[in-house]
$ cat coords18.cif   # mmCIF, C-alpha atoms; chains and numbers go by the auth columns
data_coords
loop_
_atom_site.group_PDB
_atom_site.id
_atom_site.type_symbol
_atom_site.label_atom_id
_atom_site.label_comp_id
_atom_site.label_asym_id
_atom_site.label_seq_id
_atom_site.Cartn_x
_atom_site.Cartn_y
_atom_site.Cartn_z
_atom_site.B_iso_or_equiv
_atom_site.auth_seq_id
_atom_site.auth_asym_id
ATOM 1 C CA MET A 1 0.000 0.000 0.000 0.00 220 P
ATOM 2 C CA ILE A 2 1.120 3.541 -0.720 0.00 221 P
ATOM 3 C CA VAL A 3 0.374 6.935 0.811 0.00 222 P
ATOM 4 C CA ASN A 4 -1.821 7.963 -2.124 0.00 223 P
ATOM 5 C CA MET A 5 -4.369 5.278 -1.185 0.00 224 P
ATOM 6 C CA TRP A 6 -4.983 6.599 2.347 0.00 225 P
ATOM 7 C CA MET A 7 -4.107 10.306 2.442 0.00 226 P
ATOM 8 C CA THR A 8 -6.609 13.143 2.828 0.00 227 P
ATOM 9 C CA ARG A 9 -6.855 14.982 -0.491 0.00 228 P
ATOM 10 C CA GLU A 10 -9.040 17.950 0.427 0.00 229 P
ATOM 11 C CA VAL A 11 -6.611 19.500 2.898 0.00 230 P
ATOM 12 C CA VAL A 12 -7.597 22.489 5.030 0.00 231 P
ATOM 13 C CA THR A 13 -4.671 24.915 5.040 0.00 232 P
ATOM 14 C CA VAL A 14 -3.660 28.314 6.422 0.00 233 P
ATOM 15 C CA ARG A 15 -1.308 31.050 5.328 0.00 234 P
ATOM 16 C CA PRO A 16 1.657 32.234 7.451 0.00 235 P
ATOM 17 C CA GLN A 17 -0.181 35.456 8.331 0.00 236 P
ATOM 18 C CA THR A 18 -3.236 33.594 9.674 0.00 237 P
ATOM 19 C CA THR A 19 -3.711 34.343 13.374 0.00 238 P
ATOM 20 C CA VAL A 20 -3.723 31.530 15.915 0.00 239 P
ATOM 21 C CA VAL A 21 -7.338 32.381 16.791 0.00 240 P
ATOM 22 C CA GLU A 22 -8.351 31.935 13.163 0.00 241 P
ATOM 23 C CA ALA A 23 -6.408 28.675 12.983 0.00 242 P
ATOM 24 C CA ALA A 24 -8.124 27.409 16.151 0.00 243 P
ATOM 25 C CA GLU A 25 -11.536 28.266 14.654 0.00 244 P
ATOM 26 C CA LEU A 26 -10.687 26.289 11.514 0.00 245 P
ATOM 27 C CA MET A 27 -9.627 23.266 13.542 0.00 246 P
ATOM 28 C CA SER A 28 -12.816 23.372 15.623 0.00 247 P
ATOM 29 C CA ARG A 29 -15.057 23.810 12.573 0.00 248 P
ATOM 30 C CA HIS A 30 -13.487 20.948 10.599 0.00 249 P
ATOM 31 C CA HIS A 31 -12.735 18.684 13.604 0.00 250 P
ATOM 32 C CA ILE A 32 -9.040 18.401 12.746 0.00 251 P
ATOM 33 C CA ARG A 33 -5.826 18.727 14.761 0.00 252 P
ATOM 34 C CA ARG A 34 -3.308 19.929 12.170 0.00 253 P
ATOM 35 C CA LEU A 35 -3.104 22.593 9.495 0.00 254 P
ATOM 36 C CA PRO A 36 -0.405 22.761 6.831 0.00 255 P
ATOM 37 C CA VAL A 37 0.911 26.291 6.383 0.00 256 P
ATOM 38 C CA VAL A 38 1.157 27.135 2.678 0.00 257 P
ATOM 39 C CA GLU A 39 2.313 29.808 0.274 0.00 258 P
ATOM 40 C CA PRO A 40 1.075 30.098 -3.337 0.00 259 P
ATOM 41 C CA PHE A 41 3.625 29.349 -6.055 0.00 260 P
ATOM 42 C CA GLU A 42 3.373 28.997 -9.825 0.00 261 P
ATOM 43 C CA ASN A 43 2.550 25.288 -9.687 0.00 262 P
ATOM 44 C CA GLY A 44 0.122 25.516 -6.764 0.00 263 P
ATOM 45 C CA LEU A 45 0.285 25.657 -2.981 0.00 264 P
ATOM 46 C CA GLN A 46 3.650 24.852 -1.408 0.00 265 P
ATOM 47 C CA ALA A 47 3.784 23.664 2.210 0.00 266 P
ATOM 48 C CA ILE A 48 6.271 25.613 4.320 0.00 267 P
ATOM 49 C CA GLY A 49 5.268 24.378 7.767 0.00 268 P
ATOM 50 C CA ILE A 50 2.559 22.751 9.846 0.00 269 P
ATOM 51 C CA VAL A 51 0.711 23.928 12.953 0.00 270 P
ATOM 52 C CA SER A 52 -0.925 21.533 15.409 0.00 271 P
ATOM 53 C CA ALA A 53 -3.574 21.905 18.081 0.00 272 P
ATOM 54 C CA ARG A 54 -0.817 21.531 20.666 0.00 273 P
ATOM 55 C CA ASP A 55 1.123 24.417 19.101 0.00 274 P
ATOM 56 C CA ILE A 56 -1.960 26.617 19.399 0.00 275 P
ATOM 57 C CA LEU A 57 -2.643 25.584 22.992 0.00 276 P
ATOM 58 C CA HIS A 58 0.941 26.466 23.947 0.00 277 P
ATOM 59 C CA ALA A 59 0.567 29.907 22.337 0.00 278 P
ATOM 60 C CA PHE A 60 -2.114 30.888 24.873 0.00 279 P
ATOM 61 C CA PRO A 61 -2.035 31.302 28.662 0.00 280 P
ATOM 62 C CA PRO A 62 -2.940 28.107 30.581 0.00 281 P
ATOM 63 C CA ASP A 63 -6.341 29.514 31.585 0.00 282 P
ATOM 64 C CA VAL A 64 -7.441 30.255 28.008 0.00 283 P
ATOM 65 C CA ASN A 65 -9.052 27.642 25.772 0.00 284 P
ATOM 66 C CA PRO A 66 -8.466 28.770 22.164 0.00 285 P
ATOM 67 C CA PHE A 67 -10.898 26.131 20.898 0.00 286 P
ATOM 68 C CA ALA A 68 -13.852 27.496 22.866 0.00 287 P
ATOM 69 C CA ILE A 69 -16.754 29.023 20.971 0.00 288 P
ATOM 70 C CA THR A 70 -15.698 32.480 22.119 0.00 289 P
ATOM 71 C CA VAL A 71 -12.143 33.288 23.102 0.00 290 P
ATOM 72 C CA SER A 72 -11.345 36.178 25.411 0.00 291 P
ATOM 73 C CA PRO A 73 -9.099 38.731 23.686 0.00 292 P
ATOM 74 C CA THR A 74 -5.414 38.254 24.516 0.00 293 P
ATOM 75 C CA SER A 75 -2.178 39.359 22.943 0.00 294 P
ATOM 76 C CA ALA A 76 -1.572 35.723 22.018 0.00 295 P
ATOM 77 C CA GLY A 77 -4.638 35.757 19.768 0.00 296 P
ATOM 78 C CA ALA A 78 -2.954 38.164 17.383 0.00 297 P
ATOM 79 C CA THR A 79 0.104 35.915 17.003 0.00 298 P
ATOM 80 C CA THR A 80 0.363 34.441 13.522 0.00 299 P
ATOM 81 C CA VAL A 81 0.907 30.773 12.759 0.00 300 P
ATOM 82 C CA ALA A 82 4.251 31.691 11.188 0.00 301 P
ATOM 83 C CA HIS A 83 5.564 32.196 14.729 0.00 302 P
ATOM 84 C CA ILE A 84 4.418 28.829 16.090 0.00 303 P
ATOM 85 C CA MET A 85 4.474 26.436 13.115 0.00 304 P
ATOM 86 C CA SER A 86 6.850 23.486 13.063 0.00 305 P
ATOM 87 C CA GLY A 87 9.775 23.337 10.673 0.00 306 P
ATOM 88 C CA PRO A 88 11.816 22.308 8.828 0.00 307 P
ATOM 89 C CA LEU A 89 8.979 20.386 7.264 0.00 308 P
ATOM 90 C CA GLU A 90 9.002 16.595 6.900 0.00 309 P
ATOM 91 C CA THR A 91 7.133 15.453 3.770 0.00 310 P
ATOM 92 C CA VAL A 92 6.448 12.322 1.731 0.00 311 P
ATOM 93 C CA GLY A 93 5.368 11.710 -1.845 0.00 312 P
ATOM 94 C CA PRO A 94 2.084 10.090 -2.920 0.00 313 P
ATOM 95 C CA GLU A 95 3.939 6.965 -4.091 0.00 314 P
ATOM 96 C CA THR A 96 5.780 6.531 -0.773 0.00 315 P
ATOM 97 C CA PRO A 97 5.105 3.114 0.822 0.00 316 P
ATOM 98 C CA LEU A 98 2.745 3.445 3.770 0.00 317 P
ATOM 99 C CA GLU A 99 5.204 1.730 6.109 0.00 318 P
ATOM 100 C CA THR A 100 7.878 4.285 5.191 0.00 319 P
ATOM 101 C CA ALA A 101 5.525 7.111 6.175 0.00 320 P
ATOM 102 C CA ALA A 102 4.754 5.325 9.462 0.00 321 P
ATOM 103 C CA GLU A 103 8.468 4.829 10.179 0.00 322 P
ATOM 104 C CA ARG A 104 9.110 8.531 9.480 0.00 323 P
ATOM 105 C CA MET A 105 6.335 9.578 11.895 0.00 324 P
ATOM 106 C CA ALA A 106 7.648 7.272 14.612 0.00 325 P
ATOM 107 C CA GLU A 107 11.244 8.376 14.107 0.00 326 P
ATOM 108 C CA LYS A 108 10.422 12.092 14.155 0.00 327 P
ATOM 109 C CA LYS A 109 7.667 11.727 16.794 0.00 328 P
ATOM 110 C CA ILE A 110 5.110 13.538 14.651 0.00 329 P
ATOM 111 C CA GLY A 111 1.488 12.727 13.875 0.00 330 P
ATOM 112 C CA ALA A 112 1.173 13.821 10.252 0.00 331 P
ATOM 113 C CA LEU A 113 3.137 14.333 7.040 0.00 332 P
ATOM 114 C CA PRO A 114 2.228 16.679 4.179 0.00 333 P
ATOM 115 C CA VAL A 115 2.181 14.829 0.873 0.00 334 P
ATOM 116 C CA VAL A 116 4.064 16.719 -1.827 0.00 335 P
ATOM 117 C CA GLN A 117 4.398 16.086 -5.553 0.00 336 P
ATOM 118 C CA GLY A 118 6.500 18.331 -7.775 0.00 337 P
ATOM 119 C CA GLY A 119 6.765 20.823 -4.936 0.00 338 P
ATOM 120 C CA LYS A 120 2.962 21.078 -4.700 0.00 339 P
ATOM 121 C CA LEU A 121 0.898 20.059 -1.668 0.00 340 P
ATOM 122 C CA VAL A 122 -1.439 17.257 -2.796 0.00 341 P
ATOM 123 C CA GLY A 123 -2.547 15.709 0.495 0.00 342 P
ATOM 124 C CA LEU A 124 -1.943 14.944 4.153 0.00 343 P
ATOM 125 C CA ILE A 125 -1.279 11.538 5.724 0.00 344 P
ATOM 126 C CA THR A 126 -1.898 11.243 9.472 0.00 345 P
ATOM 127 C CA GLU A 127 -1.450 8.644 12.187 0.00 346 P
ATOM 128 C CA SER A 128 -5.218 8.049 12.044 0.00 347 P
ATOM 129 C CA ASP A 129 -4.902 7.188 8.349 0.00 348 P
ATOM 130 C CA ILE A 130 -2.143 4.696 9.222 0.00 349 P
ATOM 131 C CA PHE A 131 -4.404 3.113 11.855 0.00 350 P
ATOM 132 C CA ARG A 132 -7.254 2.790 9.331 0.00 351 P
ATOM 133 C CA ALA A 133 -4.930 1.123 6.858 0.00 352 P
ATOM 134 C CA PHE A 134 -3.641 -1.286 9.523 0.00 353 P
ATOM 135 C CA ILE A 135 -7.199 -2.271 10.472 0.00 354 P
ATOM 136 C CA SER A 136 -8.022 -2.931 6.824 0.00 355 P
ATOM 137 C CA PHE A 137 -5.197 -5.480 6.608 0.00 356 P
ATOM 138 C CA PHE A 138 -7.089 -7.870 8.874 0.00 357 P
ATOM 139 C CA SER A 139 -10.750 -7.087 8.184 0.00 358 P
ATOM 140 C CA ALA A 140 -12.826 -9.590 6.247 0.00 359 P
ATOM 141 C CA PRO A 141 -16.529 -10.286 5.831 0.00 360 P
ATOM 142 C CA GLY A 142 -18.084 -13.664 6.582 0.00 361 P
ATOM 143 C CA CYS A 143 -16.647 -16.728 8.274 0.00 362 P
ATOM 144 C CA SER A 144 -12.895 -16.366 8.722 0.00 363 P
ATOM 145 C CA ALA A 145 -10.008 -16.943 11.114 0.00 364 P
ATOM 146 C CA ARG A 146 -6.877 -14.975 11.994 0.00 365 P
ATOM 147 C CA ILE A 147 -3.937 -17.261 12.740 0.00 366 P
ATOM 148 C CA THR A 148 -0.547 -16.249 14.134 0.00 367 P
ATOM 149 C CA PHE A 149 2.236 -18.832 13.859 0.00 368 P
ATOM 150 C CA ASP A 150 6.000 -19.090 13.884 0.00 369 P
ATOM 151 C CA ILE A 151 8.133 -19.397 10.763 0.00 370 P
ATOM 152 C CA SER A 152 11.785 -20.115 10.192 0.00 371 P
ATOM 153 C CA ALA A 153 14.227 -17.523 8.882 0.00 372 P
ATOM 154 C CA GLY A 154 14.132 -17.343 5.099 0.00 373 P
ATOM 155 C CA GLU A 155 11.094 -19.623 4.801 0.00 374 P
ATOM 156 C CA ASP A 156 8.800 -19.185 1.776 0.00 375 P
ATOM 157 C CA VAL A 157 5.706 -18.901 3.955 0.00 376 P
ATOM 158 C CA PHE A 158 3.691 -17.249 1.177 0.00 377 P
ATOM 159 C CA GLY A 159 4.086 -20.263 -1.086 0.00 378 P
ATOM 160 C CA TRP A 160 3.188 -22.736 1.674 0.00 379 P
ATOM 161 C CA ILE A 161 0.077 -20.793 2.732 0.00 380 P
ATOM 162 C CA ASN A 162 -1.098 -20.469 -0.861 0.00 381 P
ATOM 163 C CA ARG A 163 -0.849 -24.204 -1.469 0.00 382 P
ATOM 164 C CA ALA A 164 -2.496 -25.117 1.845 0.00 383 P
ATOM 165 C CA ALA A 165 -5.350 -22.653 1.397 0.00 384 P
ATOM 166 C CA ARG A 166 -5.997 -23.857 -2.153 0.00 385 P
ATOM 167 C CA ARG A 167 -6.102 -27.468 -0.964 0.00 386 P
ATOM 168 C CA ARG A 168 -8.740 -26.617 1.661 0.00 387 P
ATOM 169 C CA LYS A 169 -10.640 -24.244 -0.656 0.00 388 P
ATOM 170 C CA LEU A 170 -9.992 -21.228 1.588 0.00 389 P
ATOM 171 C CA ARG A 171 -9.597 -17.617 0.511 0.00 390 P
ATOM 172 C CA ILE A 172 -6.484 -15.782 1.750 0.00 391 P
ATOM 173 C CA VAL A 173 -7.666 -12.380 2.978 0.00 392 P
ATOM 174 C CA SER A 174 -4.308 -11.122 4.227 0.00 393 P
ATOM 175 C CA LEU A 175 -0.842 -12.418 5.041 0.00 394 P
ATOM 176 C CA ILE A 176 1.884 -10.529 6.885 0.00 395 P
ATOM 177 C CA SER A 177 5.267 -11.732 8.106 0.00 396 P
ATOM 178 C CA ALA A 178 7.293 -9.928 10.746 0.00 397 P
ATOM 179 C CA SER A 179 9.809 -10.466 13.519 0.00 398 P
ATOM 180 C CA HIS A 180 9.053 -9.814 17.185 0.00 399 P
ATOM 181 C CA GLU A 181 11.896 -10.089 19.698 0.00 400 P
ATOM 182 C CA ASN A 182 13.962 -11.883 17.031 0.00 401 P
ATOM 183 C CA VAL A 183 11.249 -14.533 16.546 0.00 402 P
ATOM 184 C CA PRO A 184 9.991 -14.682 12.911 0.00 403 P
ATOM 185 C CA ALA A 185 6.208 -14.977 12.751 0.00 404 P
ATOM 186 C CA ALA A 186 3.373 -14.695 10.266 0.00 405 P
ATOM 187 C CA VAL A 187 -0.238 -13.593 10.598 0.00 406 P
ATOM 188 C CA VAL A 188 -2.696 -14.963 8.053 0.00 407 P
ATOM 189 C CA ARG A 189 -6.427 -14.393 7.774 0.00 408 P
ATOM 190 C CA VAL A 190 -8.324 -16.995 5.788 0.00 409 P
ATOM 191 C CA ALA A 191 -12.021 -17.222 4.962 0.00 410 P
ATOM 192 C CA GLY A 192 -14.023 -20.369 4.301 0.00 411 P
ATOM 193 C CA GLU A 193 -15.565 -23.418 5.921 0.00 412 P
ATOM 194 C CA ARG A 194 -12.486 -25.653 6.282 0.00 413 P
ATOM 195 C CA VAL A 195 -10.375 -23.615 8.677 0.00 414 P
ATOM 196 C CA ASP A 196 -9.985 -26.533 11.104 0.00 415 P
ATOM 197 C CA GLU A 197 -8.433 -28.684 8.377 0.00 416 P
ATOM 198 C CA PHE A 198 -6.127 -25.825 7.458 0.00 417 P
ATOM 199 C CA LEU A 199 -5.031 -25.591 11.104 0.00 418 P
ATOM 200 C CA GLU A 200 -4.293 -29.308 11.185 0.00 419 P
ATOM 201 C CA ASP A 201 -2.116 -28.877 8.098 0.00 420 P
ATOM 202 C CA LEU A 202 -0.304 -26.010 9.806 0.00 421 P
ATOM 203 C CA TRP A 203 0.400 -28.023 12.966 0.00 422 P
ATOM 204 C CA SER A 204 1.462 -31.101 10.947 0.00 423 P
ATOM 205 C CA SER A 205 3.944 -29.007 8.985 0.00 424 P
ATOM 206 C CA GLY A 206 5.854 -28.279 12.210 0.00 425 P
ATOM 207 C CA HIS A 207 4.782 -24.659 12.620 0.00 426 P
ATOM 208 C CA ARG A 208 3.899 -23.550 16.157 0.00 427 P
ATOM 209 C CA VAL A 209 0.569 -21.719 16.308 0.00 428 P
ATOM 210 C CA PHE A 210 0.556 -18.807 18.763 0.00 429 P
ATOM 211 C CA SER A 211 -3.084 -17.786 18.477 0.00 430 P
ATOM 212 C CA VAL A 212 -6.297 -18.411 16.561 0.00 431 P
ATOM 213 C CA LEU A 213 -9.098 -15.857 16.446 0.00 432 P
ATOM 214 C CA ARG A 214 -12.335 -16.859 14.768 0.00 433 P
ATOM 215 C CA TYR A 215 -14.842 -14.460 13.225 0.00 434 P
ATOM 216 C CA PRO A 216 -18.422 -15.633 12.589 0.00 435 P
#

$ encode --input "coords18.cif" --output "structure tokens"
Amino acid sequence: MIVNMWMTREVVTVRPQTTVVEAAELMSRHHIRRLPVVEPFENGLQAIGIVSARDILHAFPPDVNPFAITVSPTSAGATTVAHIMSGPLETVGPETPLETAAERMAEKKIGALPVVQGGKLVGLITESDIFRAFISFFSAPGCSARITFDISAGEDVFGWINRAARRRKLRIVSLISASHENVPAAVVRVAGERVDEFLEDLWSSGHRVFSVLRYP
């Protein structure tokens, strides 16, 4: 999966001269927590920074809620987002693998990345988008089972699962291999009526099954 499949395309943005009060109103109105800060260029809007709800909260005194319906006038309210936005800006392209975007967020401890193509802002990918994508990996309608089992280093688990599922007339919904605490493992979700026979094949092959979750 790539960023282009999960990013928000209709991005709400602000200009550097937008006040923090105006930015807070936009966040409240659209129920969002981040606003890319943009400047117009020949090829479209170019992202120069990003402002978060936390940035706005820190711009006000502790006793002022900038996201309230009415905000008491303070000197902080006239501050522009140019003074509080984060930079230098971390970005990704629309063709960036989703896991690369997730790794970048984790490494930089940020919750969103502007998506840029040819210098133009084309979207925004957030941690919530990553969560939605992760959930989709394991979702499946109808009768299915999610099985986690151990594999050996370098094993062609994809080939084995494909042959076993075909033999039992099961549909492979998803298959992911990973390593946790240096133990290689795979998680497969299969749909069909012969899951128990598939499990017997898995045990007989010498693989250790860690967990089985069934979905009616």

$ closest_residue --input "coords18.cif" --among "P:Arg323, P:Arg273, P:Arg387, P:His302" --to "P:Arg234" --atoms "all atoms listed in the file"
P:His302

$ closest_residue --input "coords18.cif" --among "P:Ile344, P:Met246, P:Cys362, P:Met220" --to "P:Phe286" --atoms "only C-alpha atoms"
P:Met246

$ resolve_selection --input "coords18.cif" --expression "the PyMOL selection byres ((chain P and resi 424) around 12)" --output "ChimeraX atom specification"
/P:368-371,376,379-380,383,417-423,425-428

$ resolve_selection --input "coords18.cif" --expression "the PyMOL selection byres ((chain P and resi 340) around 8)" --output "number ranges by chain"
P: 263-266, 333-336, 338-339, 341-342

$ write_last_selection --input "coords18.cif" --atoms "C-alpha atoms" --output "tab-separated table (two decimals), in the frame of the given file"
chain	number	residue	atom	x	y	z
P	263	GLY	CA	0.12	25.52	-6.76
P	264	LEU	CA	0.28	25.66	-2.98
P	265	GLN	CA	3.65	24.85	-1.41
P	266	ALA	CA	3.78	23.66	2.21
P	333	PRO	CA	2.23	16.68	4.18
P	334	VAL	CA	2.18	14.83	0.87
P	335	VAL	CA	4.06	16.72	-1.83
P	336	GLN	CA	4.40	16.09	-5.55
P	338	GLY	CA	6.76	20.82	-4.94
P	339	LYS	CA	2.96	21.08	-4.70
P	341	VAL	CA	-1.44	17.26	-2.80
P	342	GLY	CA	-2.55	15.71	0.50

$ atom_distance --input "coords18.cif" --atom1 "atom CA of P:Tyr434" --atom2 "atom CA of P:Glu416"
16.3 Å

$ resolve_selection --input "coords18.cif" --expression "the PyMOL selection byres ((chain P and resi 226) around 10)" --output "number ranges by chain"
P: 221-225, 227-230, 313, 317, 332-334, 341-345, 347-349

$ atom_distance --input "coords18.cif" --atom1 "atom CA of P:Val402" --atom2 "atom CA of P:Ser363"
25.4 Å

$ atom_distance --input "coords18.cif" --atom1 "atom CA of P:Lys327" --atom2 "atom CA of P:Ala404"
27.4 Å

$ closest_residue --input "coords18.cif" --among "P:Ser393, P:Ala364, P:Glu241, P:Gly378" --to "P:Ala410" --atoms "all atoms listed in the file"
P:Ala364

$ residues_near_point --input "coords18.cif" --point "(-1.2, -16.9, 11.9)" --cutoff "7 Å" --atoms "all atoms listed in the file" --output "list in words"
Arg365, Ile366, Thr367, Phe368, Ala405, Val406, Val407, Val428 and Ser430 of chain P

$ closest_residue --input "coords18.cif" --among "P:Ala242, P:Leu276, P:Val270, P:Val233" --to "P:Glu258" --atoms "only C-alpha atoms"
P:Val233

$ closest_residue --input "coords18.cif" --among "P:Val300, P:Val283, P:Ile275, P:Val392" --to "P:Thr232" --atoms "only C-alpha atoms"
P:Val300

$ residues_around --input "coords18.cif" --residues "P:Asp274" --least-positions-apart "3" --cutoff "8 Å" --atoms "only C-alpha atoms" --output "ChimeraX atom specification"
/P:270-271,277-278,303-304

$ axis_aligned_box --input "coords18.cif" --around "stretch 318-333 of chain P" --padding-each-side "5 Å" --output "lines of an AutoDock Vina configuration file"
center_x = 6.2
center_y = 9.2
center_z = 10.5
size_x = 20.1
size_y = 24.9
size_z = 22.6

$ closest_residue --input "coords18.cif" --among "P:Gly411, P:Pro235, P:Gly312, P:Gly306" --to "P:Ile329" --atoms "all atoms listed in the file"
P:Gly306

$ build_atoms --input "coords18.cif" --residues "stretch 318-334 of chain P" --atoms "N, CA and C atoms" --output "PDB file, in the coordinates of the input"
ATOM      1  N   GLU P 318       4.355   2.046   4.962  1.00  0.00           N
ATOM      2  CA  GLU P 318       5.204   1.730   6.109  1.00  0.00           C
ATOM      3  C   GLU P 318       6.361   2.713   6.247  1.00  0.00           C
ATOM      4  N   THR P 319       6.819   3.282   5.126  1.00  0.00           N
ATOM      5  CA  THR P 319       7.878   4.285   5.191  1.00  0.00           C
ATOM      6  C   THR P 319       7.366   5.552   5.859  1.00  0.00           C
ATOM      7  N   ALA P 320       6.137   5.945   5.527  1.00  0.00           N
ATOM      8  CA  ALA P 320       5.525   7.111   6.175  1.00  0.00           C
ATOM      9  C   ALA P 320       5.359   6.867   7.670  1.00  0.00           C
ATOM     10  N   ALA P 321       4.926   5.656   8.047  1.00  0.00           N
ATOM     11  CA  ALA P 321       4.754   5.325   9.462  1.00  0.00           C
ATOM     12  C   ALA P 321       6.089   5.352  10.197  1.00  0.00           C
ATOM     13  N   GLU P 322       7.138   4.811   9.570  1.00  0.00           N
ATOM     14  CA  GLU P 322       8.468   4.829  10.179  1.00  0.00           C
ATOM     15  C   GLU P 322       8.958   6.266  10.370  1.00  0.00           C
ATOM     16  N   ARG P 323       8.690   7.130   9.383  1.00  0.00           N
ATOM     17  CA  ARG P 323       9.110   8.531   9.480  1.00  0.00           C
ATOM     18  C   ARG P 323       8.393   9.228  10.640  1.00  0.00           C
ATOM     19  N   MET P 324       7.088   8.972  10.792  1.00  0.00           N
ATOM     20  CA  MET P 324       6.335   9.578  11.895  1.00  0.00           C
ATOM     21  C   MET P 324       6.877   9.117  13.241  1.00  0.00           C
ATOM     22  N   ALA P 325       7.146   7.811  13.347  1.00  0.00           N
ATOM     23  CA  ALA P 325       7.648   7.272  14.612  1.00  0.00           C
ATOM     24  C   ALA P 325       9.032   7.823  14.923  1.00  0.00           C
ATOM     25  N   GLU P 326       9.876   7.895  13.911  1.00  0.00           N
ATOM     26  CA  GLU P 326      11.244   8.376  14.107  1.00  0.00           C
ATOM     27  C   GLU P 326      11.276   9.838  14.526  1.00  0.00           C
ATOM     28  N   LYS P 327      10.442  10.657  13.889  1.00  0.00           N
ATOM     29  CA  LYS P 327      10.422  12.092  14.155  1.00  0.00           C
ATOM     30  C   LYS P 327       9.445  12.480  15.261  1.00  0.00           C
ATOM     31  N   LYS P 328       8.673  11.490  15.741  1.00  0.00           N
ATOM     32  CA  LYS P 328       7.667  11.727  16.794  1.00  0.00           C
ATOM     33  C   LYS P 328       6.673  12.799  16.370  1.00  0.00           C
ATOM     34  N   ILE P 329       6.113  12.621  15.173  1.00  0.00           N
ATOM     35  CA  ILE P 329       5.110  13.538  14.651  1.00  0.00           C
ATOM     36  C   ILE P 329       3.873  12.742  14.243  1.00  0.00           C
ATOM     37  N   GLY P 330       2.747  13.416  14.142  1.00  0.00           N
ATOM     38  CA  GLY P 330       1.488  12.727  13.875  1.00  0.00           C
ATOM     39  C   GLY P 330       0.957  12.879  12.472  1.00  0.00           C
ATOM     40  N   ALA P 331       1.661  13.624  11.615  1.00  0.00           N
ATOM     41  CA  ALA P 331       1.173  13.821  10.252  1.00  0.00           C
ATOM     42  C   ALA P 331       2.316  14.237   9.341  1.00  0.00           C
ATOM     43  N   LEU P 332       2.146  13.958   8.046  1.00  0.00           N
ATOM     44  CA  LEU P 332       3.137  14.333   7.040  1.00  0.00           C
ATOM     45  C   LEU P 332       2.422  14.926   5.833  1.00  0.00           C
ATOM     46  N   PRO P 333       2.757  16.153   5.436  1.00  0.00           N
ATOM     47  CA  PRO P 333       2.228  16.679   4.179  1.00  0.00           C
ATOM     48  C   PRO P 333       2.712  15.818   3.018  1.00  0.00           C
ATOM     49  N   VAL P 334       1.836  15.609   2.056  1.00  0.00           N
ATOM     50  CA  VAL P 334       2.181  14.829   0.873  1.00  0.00           C
ATOM     51  C   VAL P 334       2.435  15.802  -0.270  1.00  0.00           C
TER      52      VAL P 334
END
